[in-house]
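File shown: start.pdb. Contents: PDB, C-alpha atoms.
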```
ATOM      1  CA  MET A1184      -2.903  14.785  -1.593  1.00  0.00           C
ATOM      2  CA  VAL A1185      -1.743  11.548  -3.171  1.00  0.00           C
ATOM      3  CA  VAL A1186      -5.008  11.025  -4.982  1.00  0.00           C
ATOM      4  CA  SER A1187      -5.962  14.578  -5.860  1.00  0.00           C
ATOM      5  CA  LEU A1188      -2.928  16.493  -7.112  1.00  0.00           C
ATOM      6  CA  LYS A1189      -2.651  17.192 -10.806  1.00  0.00           C
ATOM      7  CA  ASN A1190       1.077  16.667 -11.059  1.00  0.00           C
ATOM      8  CA  ILE A1191       1.705  12.976 -10.499  1.00  0.00           C
ATOM      9  CA  PHE A1192       5.309  13.543  -9.488  1.00  0.00           C
ATOM     10  CA  HIS A1193       4.169  15.701  -6.578  1.00  0.00           C
ATOM     11  CA  SER A1194       1.716  13.048  -5.504  1.00  0.00           C
ATOM     12  CA  ALA A1195       4.549  10.497  -5.474  1.00  0.00           C
ATOM     13  CA  LEU A1196       6.449  12.785  -3.107  1.00  0.00           C
ATOM     14  CA  PHE A1197       3.379  13.046  -0.869  1.00  0.00           C
ATOM     15  CA  LEU A1198       3.200   9.251  -0.963  1.00  0.00           C
ATOM     16  CA  VAL A1199       6.688   9.207   0.606  1.00  0.00           C
ATOM     17  CA  LEU A1200       5.388  11.495   3.355  1.00  0.00           C
ATOM     18  CA  CYS A1201       2.463   9.150   3.934  1.00  0.00           C
ATOM     19  CA  PHE A1202       4.794   6.136   4.172  1.00  0.00           C
ATOM     20  CA  PHE A1203       6.907   7.884   6.778  1.00  0.00           C
ATOM     21  CA  SER A1204       3.794   8.729   8.789  1.00  0.00           C
ATOM     22  CA  VAL A1205       2.667   5.104   8.689  1.00  0.00           C
ATOM     23  CA  ALA A1206       6.124   4.076   9.914  1.00  0.00           C
ATOM     24  CA  GLY A1207       5.626   6.464  12.827  1.00  0.00           C
ATOM     25  CA  ILE A1208       2.289   4.793  13.551  1.00  0.00           C
ATOM     26  CA  TYR A1209       4.071   1.426  13.680  1.00  0.00           C
ATOM     27  CA  ILE A1210       6.559   2.787  16.209  1.00  0.00           C
ATOM     28  CA  LEU A1211       3.619   4.036  18.291  1.00  0.00           C
ATOM     29  CA  LEU A1212       2.255   0.497  18.140  1.00  0.00           C
ATOM     30  CA  SER A1213       5.628  -0.801  19.428  1.00  0.00           C
ATOM     31  CA  ALA A1214       6.417  -2.637  16.203  1.00  0.00           C
ATOM     32  CA  GLU A1215       9.885  -1.295  15.495  1.00  0.00           C
ATOM     33  CA  PHE A1216      10.936  -3.988  13.068  1.00  0.00           C
ATOM     34  CA  VAL A1217       7.864  -3.459  10.897  1.00  0.00           C
ATOM     35  CA  ALA A1218       8.566   0.282  10.908  1.00  0.00           C
ATOM     36  CA  ALA A1219      12.128  -0.323   9.737  1.00  0.00           C
ATOM     37  CA  VAL A1220      10.940  -2.678   7.009  1.00  0.00           C
ATOM     38  CA  GLN A1221       8.336  -0.096   5.973  1.00  0.00           C
ATOM     39  CA  VAL A1222      10.944   2.629   5.590  1.00  0.00           C
ATOM     40  CA  LEU A1223      13.400   0.364   3.779  1.00  0.00           C
ATOM     41  CA  ILE A1224      11.029  -1.276   1.316  1.00  0.00           C
ATOM     42  CA  TYR A1225       8.309   1.297   0.735  1.00  0.00           C
ATOM     43  CA  VAL A1226      10.358   4.481   0.914  1.00  0.00           C
ATOM     44  CA  GLY A1227      13.541   2.924  -0.407  1.00  0.00           C
ATOM     45  CA  ALA A1228      12.359   0.591  -3.102  1.00  0.00           C
ATOM     46  CA  ILE A1229       8.762   1.059  -4.150  1.00  0.00           C
ATOM     47  CA  THR A1230       8.856   4.846  -4.300  1.00  0.00           C
ATOM     48  CA  VAL A1231      12.055   4.798  -6.322  1.00  0.00           C
ATOM     49  CA  LEU A1232      10.410   2.340  -8.719  1.00  0.00           C
ATOM     50  CA  LEU A1233       7.333   4.572  -8.969  1.00  0.00           C
ATOM     51  CA  ILE A1234       9.341   7.740  -9.617  1.00  0.00           C
ATOM     52  CA  PHE A1235      11.421   5.861 -12.183  1.00  0.00           C
ATOM     53  CA  ALA A1236       8.268   4.769 -13.991  1.00  0.00           C
ATOM     54  CA  ILE A1237       6.817   8.281 -13.804  1.00  0.00           C
ATOM     55  CA  MET A1238       9.976   9.677 -15.382  1.00  0.00           C
ATOM     56  CA  LEU A1239       9.808   7.037 -18.099  1.00  0.00           C
ATOM     57  CA  THR A1240       6.160   7.427 -18.981  1.00  0.00           C
ATOM     58  CA  ALA A1241       4.210  10.445 -17.836  1.00  0.00           C
ATOM     59  CA  GLN A1242       4.310  13.686 -19.718  1.00  0.00           C
ATOM     60  CA  LEU A1243       5.434  15.865 -16.853  1.00  0.00           C
ATOM     61  CA  TYR A1244       4.653  19.556 -16.507  1.00  0.00           C
ATOM     62  CA  SER A1245       1.743  19.510 -18.868  1.00  0.00           C
ATOM     63  CA  PRO A1246      -1.286  20.601 -16.856  1.00  0.00           C
ATOM     64  CA  SER A1247      -3.535  20.132 -19.860  1.00  0.00           C
ATOM     65  CA  ILE A1248      -3.652  16.381 -19.216  1.00  0.00           C
ATOM     66  CA  LYS A1249      -6.514  15.659 -16.885  1.00  0.00           C
ATOM     67  CA  GLN A1250      -5.546  13.327 -14.071  1.00  0.00           C
ATOM     68  CA  SER A1251      -8.999  12.416 -12.824  1.00  0.00           C
ATOM     69  CA  ASN A1252     -11.891  10.998 -14.758  1.00  0.00           C
ATOM     70  CA  GLU A1253     -15.572  11.895 -14.694  1.00  0.00           C
ATOM     71  CA  GLN A1254     -16.350   9.753 -11.663  1.00  0.00           C
ATOM     72  CA  VAL A1255     -15.276  12.187  -8.954  1.00  0.00           C
ATOM     73  CA  ILE A1256     -18.772  12.931  -7.646  1.00  0.00           C
ATOM     74  CA  PRO A1257     -19.946   9.260  -7.546  1.00  0.00           C
ATOM     75  CA  GLY A1258     -16.560   8.363  -6.069  1.00  0.00           C
ATOM     76  CA  ILE A1259     -17.012  10.851  -3.243  1.00  0.00           C
ATOM     77  CA  ILE A1260     -20.513   9.532  -2.564  1.00  0.00           C
ATOM     78  CA  ILE A1261     -19.402   5.873  -2.516  1.00  0.00           C
ATOM     79  CA  VAL A1262     -16.346   6.513  -0.386  1.00  0.00           C
ATOM     80  CA  GLY A1263     -18.281   8.698   2.049  1.00  0.00           C
ATOM     81  CA  THR A1264     -20.926   6.023   2.482  1.00  0.00           C
ATOM     82  CA  LEU A1265     -18.260   3.378   3.040  1.00  0.00           C
ATOM     83  CA  LEU A1266     -16.511   5.588   5.591  1.00  0.00           C
ATOM     84  CA  ILE A1267     -19.668   6.305   7.572  1.00  0.00           C
ATOM     85  CA  VAL A1268     -20.817   2.689   7.607  1.00  0.00           C
ATOM     86  CA  THR A1269     -17.415   1.346   8.609  1.00  0.00           C
ATOM     87  CA  LEU A1270     -16.910   3.916  11.352  1.00  0.00           C
ATOM     88  CA  SER A1271     -20.332   3.222  12.853  1.00  0.00           C
ATOM     89  CA  VAL A1272     -19.664  -0.527  12.767  1.00  0.00           C
ATOM     90  CA  LEU A1273     -16.289   0.036  14.456  1.00  0.00           C
ATOM     91  CA  ARG A1274     -17.958   2.204  17.084  1.00  0.00           C
ATOM     92  CA  ARG A1275     -20.523  -0.444  17.977  1.00  0.00           C
ATOM     93  CA  THR A1276     -18.228  -3.457  18.039  1.00  0.00           C
ATOM     94  CA  SER A1277     -16.876  -4.466  21.421  1.00  0.00           C
ATOM     95  CA  TRP A1278     -13.385  -5.839  20.932  1.00  0.00           C
ATOM     96  CA  ARG A1279     -11.841  -8.368  23.271  1.00  0.00           C
ATOM     97  CA  ILE A1280      -9.055  -6.058  24.319  1.00  0.00           C
ATOM     98  CA  SER A1281      -6.178  -7.833  25.963  1.00  0.00           C
ATOM     99  CA  THR A1282      -4.617  -5.843  28.772  1.00  0.00           C
ATOM    100  CA  GLU A1283      -1.223  -7.484  28.973  1.00  0.00           C
ATOM    101  CA  GLY A1284       1.630  -5.523  27.478  1.00  0.00           C
ATOM    102  CA  ILE A1285       4.242  -6.572  24.990  1.00  0.00           C
ATOM    103  CA  GLU A1286       7.370  -7.715  26.716  1.00  0.00           C
ATOM    104  CA  GLY A1287      10.866  -7.087  25.483  1.00  0.00           C
ATOM    105  CA  GLN A1288      12.087  -6.576  21.957  1.00  0.00           C
ATOM    106  CA  SER A1289       9.736  -7.611  19.208  1.00  0.00           C
ATOM    107  CA  THR A1290      12.528  -7.793  16.632  1.00  0.00           C
ATOM    108  CA  VAL A1291      14.225 -10.785  18.239  1.00  0.00           C
ATOM    109  CA  SER A1292      11.047 -12.779  18.536  1.00  0.00           C
ATOM    110  CA  ILE A1293       9.999 -11.863  14.977  1.00  0.00           C
ATOM    111  CA  GLY A1294      13.296 -13.211  13.696  1.00  0.00           C
ATOM    112  CA  LYS A1295      12.909 -16.401  15.683  1.00  0.00           C
ATOM    113  CA  SER A1296       9.337 -16.993  14.567  1.00  0.00           C
ATOM    114  CA  LEU A1297      10.226 -16.248  10.933  1.00  0.00           C
ATOM    115  CA  LEU A1298      12.770 -19.040  10.959  1.00  0.00           C
ATOM    116  CA  THR A1299      10.850 -21.573  13.058  1.00  0.00           C
ATOM    117  CA  THR A1300       7.073 -21.315  12.844  1.00  0.00           C
ATOM    118  CA  TYR A1301       6.801 -19.412   9.594  1.00  0.00           C
ATOM    119  CA  VAL A1302       9.737 -20.888   7.720  1.00  0.00           C
ATOM    120  CA  LEU A1303       7.616 -22.358   4.925  1.00  0.00           C
ATOM    121  CA  PRO A1304       5.739 -19.091   4.125  1.00  0.00           C
ATOM    122  CA  PHE A1305       9.067 -17.295   4.379  1.00  0.00           C
ATOM    123  CA  GLU A1306      10.616 -19.461   1.663  1.00  0.00           C
ATOM    124  CA  VAL A1307       7.477 -19.328  -0.454  1.00  0.00           C
ATOM    125  CA  VAL A1308       7.362 -15.545  -0.323  1.00  0.00           C
ATOM    126  CA  SER A1309      11.006 -15.308  -1.326  1.00  0.00           C
ATOM    127  CA  LEU A1310      10.243 -17.566  -4.301  1.00  0.00           C
ATOM    128  CA  VAL A1311       7.255 -15.373  -5.194  1.00  0.00           C
ATOM    129  CA  LEU A1312       9.429 -12.271  -5.029  1.00  0.00           C
ATOM    130  CA  ILE A1313      12.168 -13.657  -7.262  1.00  0.00           C
ATOM    131  CA  ALA A1314       9.610 -14.961  -9.768  1.00  0.00           C
ATOM    132  CA  ALA A1315       7.837 -11.593  -9.863  1.00  0.00           C
ATOM    133  CA  LEU A1316      11.084  -9.693 -10.389  1.00  0.00           C
ATOM    134  CA  ILE A1317      12.243 -11.996 -13.189  1.00  0.00           C
ATOM    135  CA  GLY A1318       8.783 -11.724 -14.747  1.00  0.00           C
ATOM    136  CA  ALA A1319       8.900  -7.940 -14.540  1.00  0.00           C
ATOM    137  CA  ILE A1320      12.268  -7.844 -16.264  1.00  0.00           C
ATOM    138  CA  ILE A1321      11.052 -10.154 -19.019  1.00  0.00           C
ATOM    139  CA  ILE A1322       7.853  -8.160 -19.522  1.00  0.00           C
ATOM    140  CA  ALA A1323       9.641  -4.830 -19.733  1.00  0.00           C
ATOM    141  CA  ARG A1324      12.492  -6.099 -21.886  1.00  0.00           C
ATOM    142  CA  ARG A1325      12.827  -4.474 -25.244  1.00  0.00           C
ATOM    143  CA  GLU A1326      12.485  -6.974 -28.037  1.00  0.00           C
TER     144      GLU A1326
ATOM    145  CA  MET B 191      -3.737   6.961  25.424  1.00  0.00           C
ATOM    146  CA  LEU B 192      -4.756   5.907  21.979  1.00  0.00           C
ATOM    147  CA  SER B 193      -7.192   3.035  21.827  1.00  0.00           C
ATOM    148  CA  LEU B 194      -7.813   0.428  19.185  1.00  0.00           C
ATOM    149  CA  TYR B 195     -10.705   2.464  17.838  1.00  0.00           C
ATOM    150  CA  HIS B 196      -8.454   5.370  16.898  1.00  0.00           C
ATOM    151  CA  TYR B 197      -6.068   3.176  14.955  1.00  0.00           C
ATOM    152  CA  LEU B 198      -8.930   1.453  13.173  1.00  0.00           C
ATOM    153  CA  SER B 199     -10.466   4.836  12.296  1.00  0.00           C
ATOM    154  CA  LEU B 200      -7.175   6.029  10.851  1.00  0.00           C
ATOM    155  CA  SER B 201      -6.861   2.860   8.827  1.00  0.00           C
ATOM    156  CA  THR B 202     -10.441   3.212   7.559  1.00  0.00           C
ATOM    157  CA  LEU B 203      -9.759   6.791   6.517  1.00  0.00           C
ATOM    158  CA  LEU B 204      -6.607   5.770   4.646  1.00  0.00           C
ATOM    159  CA  PHE B 205      -8.468   2.911   2.986  1.00  0.00           C
ATOM    160  CA  CYS B 206     -11.240   5.243   1.802  1.00  0.00           C
ATOM    161  CA  ILE B 207      -8.709   7.712   0.392  1.00  0.00           C
ATOM    162  CA  GLY B 208      -7.069   4.849  -1.467  1.00  0.00           C
ATOM    163  CA  ILE B 209     -10.368   3.627  -2.890  1.00  0.00           C
ATOM    164  CA  PHE B 210     -11.176   7.158  -3.996  1.00  0.00           C
ATOM    165  CA  GLY B 211      -7.841   7.283  -5.789  1.00  0.00           C
ATOM    166  CA  VAL B 212      -8.418   3.961  -7.524  1.00  0.00           C
ATOM    167  CA  LEU B 213     -11.863   5.100  -8.655  1.00  0.00           C
ATOM    168  CA  THR B 214     -10.939   8.521  -9.951  1.00  0.00           C
ATOM    169  CA  ARG B 215      -7.393   8.432 -11.274  1.00  0.00           C
ATOM    170  CA  ARG B 216      -6.843   8.260 -15.004  1.00  0.00           C
ATOM    171  CA  ASN B 217      -3.117   7.660 -14.833  1.00  0.00           C
ATOM    172  CA  ALA B 218      -2.235   3.999 -14.261  1.00  0.00           C
ATOM    173  CA  ILE B 219       0.710   4.913 -12.049  1.00  0.00           C
ATOM    174  CA  GLY B 220      -1.660   6.961  -9.891  1.00  0.00           C
ATOM    175  CA  ILE B 221      -3.832   3.899  -9.497  1.00  0.00           C
ATOM    176  CA  LEU B 222      -0.795   1.889  -8.382  1.00  0.00           C
ATOM    177  CA  MET B 223       0.036   4.547  -5.788  1.00  0.00           C
ATOM    178  CA  ALA B 224      -3.520   4.417  -4.478  1.00  0.00           C
ATOM    179  CA  ILE B 225      -3.210   0.629  -4.197  1.00  0.00           C
ATOM    180  CA  GLU B 226      -0.111   1.139  -2.069  1.00  0.00           C
ATOM    181  CA  LEU B 227      -2.246   3.319   0.210  1.00  0.00           C
ATOM    182  CA  LEU B 228      -4.701   0.432   0.530  1.00  0.00           C
ATOM    183  CA  PHE B 229      -1.877  -1.914   1.521  1.00  0.00           C
ATOM    184  CA  ASN B 230      -0.759   0.541   4.166  1.00  0.00           C
ATOM    185  CA  ALA B 231      -4.246   0.748   5.636  1.00  0.00           C
ATOM    186  CA  VAL B 232      -4.456  -3.034   5.887  1.00  0.00           C
ATOM    187  CA  ASN B 233      -1.018  -3.196   7.503  1.00  0.00           C
ATOM    188  CA  ILE B 234      -2.004  -0.650  10.150  1.00  0.00           C
ATOM    189  CA  ASN B 235      -5.022  -2.825  10.915  1.00  0.00           C
ATOM    190  CA  PHE B 236      -2.873  -5.930  11.305  1.00  0.00           C
ATOM    191  CA  VAL B 237      -0.327  -4.317  13.598  1.00  0.00           C
ATOM    192  CA  ALA B 238      -3.030  -2.651  15.715  1.00  0.00           C
ATOM    193  CA  PHE B 239      -4.890  -5.927  16.188  1.00  0.00           C
ATOM    194  CA  ALA B 240      -1.618  -7.677  16.977  1.00  0.00           C
ATOM    195  CA  LYS B 241      -0.944  -5.184  19.727  1.00  0.00           C
ATOM    196  CA  PHE B 242      -4.389  -4.865  21.242  1.00  0.00           C
ATOM    197  CA  ILE B 243      -5.954  -8.312  20.844  1.00  0.00           C
ATOM    198  CA  ASN B 244      -3.038 -10.723  21.066  1.00  0.00           C
ATOM    199  CA  PRO B 245       0.104  -9.043  22.416  1.00  0.00           C
ATOM    200  CA  GLN B 246       1.932 -12.309  23.107  1.00  0.00           C
ATOM    201  CA  GLY B 247       1.776 -13.708  19.596  1.00  0.00           C
ATOM    202  CA  LEU B 248       3.536 -11.952  16.744  1.00  0.00           C
ATOM    203  CA  THR B 249       1.338 -13.280  13.957  1.00  0.00           C
ATOM    204  CA  GLY B 250       0.095  -9.831  12.947  1.00  0.00           C
ATOM    205  CA  GLN B 251       3.540  -8.350  12.549  1.00  0.00           C
ATOM    206  CA  VAL B 252       4.886 -11.360  10.652  1.00  0.00           C
ATOM    207  CA  PHE B 253       1.888 -11.236   8.340  1.00  0.00           C
ATOM    208  CA  THR B 254       2.500  -7.524   7.784  1.00  0.00           C
ATOM    209  CA  ILE B 255       6.037  -8.280   6.645  1.00  0.00           C
ATOM    210  CA  PHE B 256       4.720 -10.851   4.170  1.00  0.00           C
ATOM    211  CA  ILE B 257       2.200  -8.316   2.865  1.00  0.00           C
ATOM    212  CA  ILE B 258       4.953  -5.739   2.352  1.00  0.00           C
ATOM    213  CA  THR B 259       6.976  -8.284   0.375  1.00  0.00           C
ATOM    214  CA  VAL B 260       4.055  -9.206  -1.844  1.00  0.00           C
ATOM    215  CA  ALA B 261       3.321  -5.487  -2.338  1.00  0.00           C
ATOM    216  CA  ALA B 262       6.857  -4.973  -3.568  1.00  0.00           C
ATOM    217  CA  ALA B 263       6.458  -7.813  -6.062  1.00  0.00           C
ATOM    218  CA  GLU B 264       3.108  -6.426  -7.181  1.00  0.00           C
ATOM    219  CA  ALA B 265       4.541  -2.951  -7.714  1.00  0.00           C
ATOM    220  CA  ALA B 266       7.406  -4.331  -9.801  1.00  0.00           C
ATOM    221  CA  VAL B 267       5.144  -6.371 -12.071  1.00  0.00           C
ATOM    222  CA  GLY B 268       2.575  -3.569 -12.357  1.00  0.00           C
ATOM    223  CA  LEU B 269       5.169  -0.988 -13.328  1.00  0.00           C
ATOM    224  CA  ALA B 270       6.650  -3.347 -15.925  1.00  0.00           C
ATOM    225  CA  ILE B 271       3.199  -3.789 -17.456  1.00  0.00           C
ATOM    226  CA  ILE B 272       2.644  -0.020 -17.416  1.00  0.00           C
ATOM    227  CA  ILE B 273       5.956   0.617 -19.179  1.00  0.00           C
ATOM    228  CA  LEU B 274       5.052  -1.967 -21.815  1.00  0.00           C
ATOM    229  CA  ILE B 275       1.646  -0.325 -22.340  1.00  0.00           C
ATOM    230  CA  TYR B 276       3.322   3.067 -22.615  1.00  0.00           C
ATOM    231  CA  ARG B 277       5.587   1.781 -25.367  1.00  0.00           C
ATOM    232  CA  GLN B 278       2.657   0.541 -27.389  1.00  0.00           C
ATOM    233  CA  HIS B 279       0.120   3.316 -26.751  1.00  0.00           C
ATOM    234  CA  LYS B 280       2.287   6.377 -25.983  1.00  0.00           C
ATOM    235  CA  GLY B 281       0.184   7.011 -22.899  1.00  0.00           C
ATOM    236  CA  VAL B 282      -0.831   5.483 -19.607  1.00  0.00           C
ATOM    237  CA  GLU B 283      -4.410   6.748 -19.307  1.00  0.00           C
ATOM    238  CA  VAL B 284      -6.485   3.751 -18.365  1.00  0.00           C
ATOM    239  CA  ASP B 285      -9.616   4.936 -20.153  1.00  0.00           C
ATOM    240  CA  LYS B 286      -7.760   4.906 -23.469  1.00  0.00           C
ATOM    241  CA  ILE B 287      -6.489   1.372 -23.043  1.00  0.00           C
ATOM    242  CA  ASN B 288      -9.148  -0.897 -24.483  1.00  0.00           C
ATOM    243  CA  ILE B 289      -7.148  -3.596 -26.225  1.00  0.00           C
ATOM    244  CA  MET B 290      -8.830  -6.285 -24.153  1.00  0.00           C
ATOM    245  CA  LYS B 291     -12.307  -5.262 -25.292  1.00  0.00           C
ATOM    246  CA  TRP B 292     -13.793  -7.098 -28.237  1.00  0.00           C
TER     247      TRP B 292
END
```

I need this file expressed as structure tokens, please.
Amino acid sequence: MVVSLKNIFHSALFLVLCFFSVAGIYILLSAEFVAAVQVLIYVGAITVLLIFAIMLTAQLYSPSIKQSNEQVIPGIIIVGTLLIVTLSVLRRTSWRISTEGIEGQSTVSIGKSLLTTYVLPFEVVSLVLIAALIGAIIIARRE
Amino acid sequence: MLSLYHYLSLSTLLFCIGIFGVLTRRNAIGILMAIELLFNAVNINFVAFAKFINPQGLTGQVFTIFIITVAAAEAAVGLAIIILIYRQHKGVEVDKINIMKW
């Protein structure tokens, strides 16, 4: 739906649905903190940014504008081949499955490891985020 | 009970849908949305491996959080570039934007 609808606003709404489903997958995988972050950042921030940009740029409600180019048939062939190859590789691989379960709350230990083991990447990624946001503002600023 | 294979299949399917979107969309914002789908597929992979291969360590989940942060930064910069292109070209169709060709 996200990649095939003609109205790009509708596909943004389906993208929200997809993000919520992925958050549900995270909860199934017992990663509650990642699910919360997914809902907050993707649904809360990125989708709002996308819809804002769609409102600013796209000519809505004009079905005469084609949304897909002439590469649909080769795209289907390439993607289908990739899907089949990857699925067969996944089927044949024997993973070293660990049988022990996750103990306790993952949120507490994620917080601890973010501020002890991963404190340097944590600071670096915050610097990257602030630099990207300032850069975005400067790029989009009207002269 | 869902096994690792099911999660990896779901992630592969999402990744292929995202690649299809990147290949076939004409609107630049549509391409950005498809890239977000790709990020989601990779994140599902990370969390699934973190649960099934190494349940004691939390490296997969921490890495997923970093990926989400970088995705947010990427979306902000990409949308700023798209808005700038829209101001100059009055359109965001990527096959009409050829100012970097010579």

Using all atoms listed in the file, which residue out of B:Ile287, B:Ile257, B:Ile207, B:Ala262 lies closest to Val237 in chain B? B:Ile257

Could you give me, as JSON, numbers by chain, the residues that have an atom at most 9 Å away from the point (-11.7, -1.6, 9.2) in the coordinates of the file, using all atoms listed in the file? {"A": [1269, 1270, 1272, 1273], "B": [198, 199, 201, 202, 205, 231, 232, 235]}

Go ahead and save the picked residues with C-alpha atoms, as a PDB file, keeping the file's coordinate frame.
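selection16.pdb written:
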```
ATOM      1  CA  THR A1269     -17.415   1.346   8.609  1.00  0.00           C
ATOM      2  CA  LEU A1270     -16.910   3.916  11.352  1.00  0.00           C
ATOM      3  CA  VAL A1272     -19.664  -0.527  12.767  1.00  0.00           C
ATOM      4  CA  LEU A1273     -16.289   0.036  14.456  1.00  0.00           C
TER       5      LEU A1273
ATOM      6  CA  LEU B 198      -8.930   1.453  13.173  1.00  0.00           C
ATOM      7  CA  SER B 199     -10.466   4.836  12.296  1.00  0.00           C
ATOM      8  CA  SER B 201      -6.861   2.860   8.827  1.00  0.00           C
ATOM      9  CA  THR B 202     -10.441   3.212   7.559  1.00  0.00           C
ATOM     10  CA  PHE B 205      -8.468   2.911   2.986  1.00  0.00           C
ATOM     11  CA  ALA B 231      -4.246   0.748   5.636  1.00  0.00           C
ATOM     12  CA  VAL B 232      -4.456  -3.034   5.887  1.00  0.00           C
ATOM     13  CA  ASN B 235      -5.022  -2.825  10.915  1.00  0.00           C
TER      14      ASN B 235
END
```

Could you expand the ChimeraX specification (/A :<6) & /B into the explicit residues it covers here, written as JSON, numbers by chain? {"B": [206, 210, 211, 214, 215, 216, 242, 243, 245, 263, 267, 270, 274]}

Next, the residues of the selection above should be written as a PDB file, in the coordinates of the input with C-alpha atoms.
```pdb
ATOM      1  CA  CYS B 206     -11.240   5.243   1.802  1.00  0.00           C
ATOM      2  CA  PHE B 210     -11.176   7.158  -3.996  1.00  0.00           C
ATOM      3  CA  GLY B 211      -7.841   7.283  -5.789  1.00  0.00           C
ATOM      4  CA  THR B 214     -10.939   8.521  -9.951  1.00  0.00           C
ATOM      5  CA  ARG B 215      -7.393   8.432 -11.274  1.00  0.00           C
ATOM      6  CA  ARG B 216      -6.843   8.260 -15.004  1.00  0.00           C
ATOM      7  CA  PHE B 242      -4.389  -4.865  21.242  1.00  0.00           C
ATOM      8  CA  ILE B 243      -5.954  -8.312  20.844  1.00  0.00           C
ATOM      9  CA  PRO B 245       0.104  -9.043  22.416  1.00  0.00           C
ATOM     10  CA  ALA B 263       6.458  -7.813  -6.062  1.00  0.00           C
ATOM     11  CA  VAL B 267       5.144  -6.371 -12.071  1.00  0.00           C
ATOM     12  CA  ALA B 270       6.650  -3.347 -15.925  1.00  0.00           C
ATOM     13  CA  LEU B 274       5.052  -1.967 -21.815  1.00  0.00           C
TER      14      LEU B 274
END
```

Which value, in Å to one decimal, gives the distance between CA of Glu226 in chain B and CA of Gly1207 in chain A? 16.8 Å

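Here the question is which of A:Leu1298, A:Val1291, A:Val1231, A:Leu1310 gets nearest to Ala266 in chain B using all atoms listed in the file, and that residue is A:Val1231.
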
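Rounded to one decimal, CA of Ala240 in chain B and CA of Gly1227 in chain A lie 25.4 Å from each other.
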
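We find CA of Leu200 in chain B and CA of Leu222 in chain B to be spaced 20.7 Å apart.
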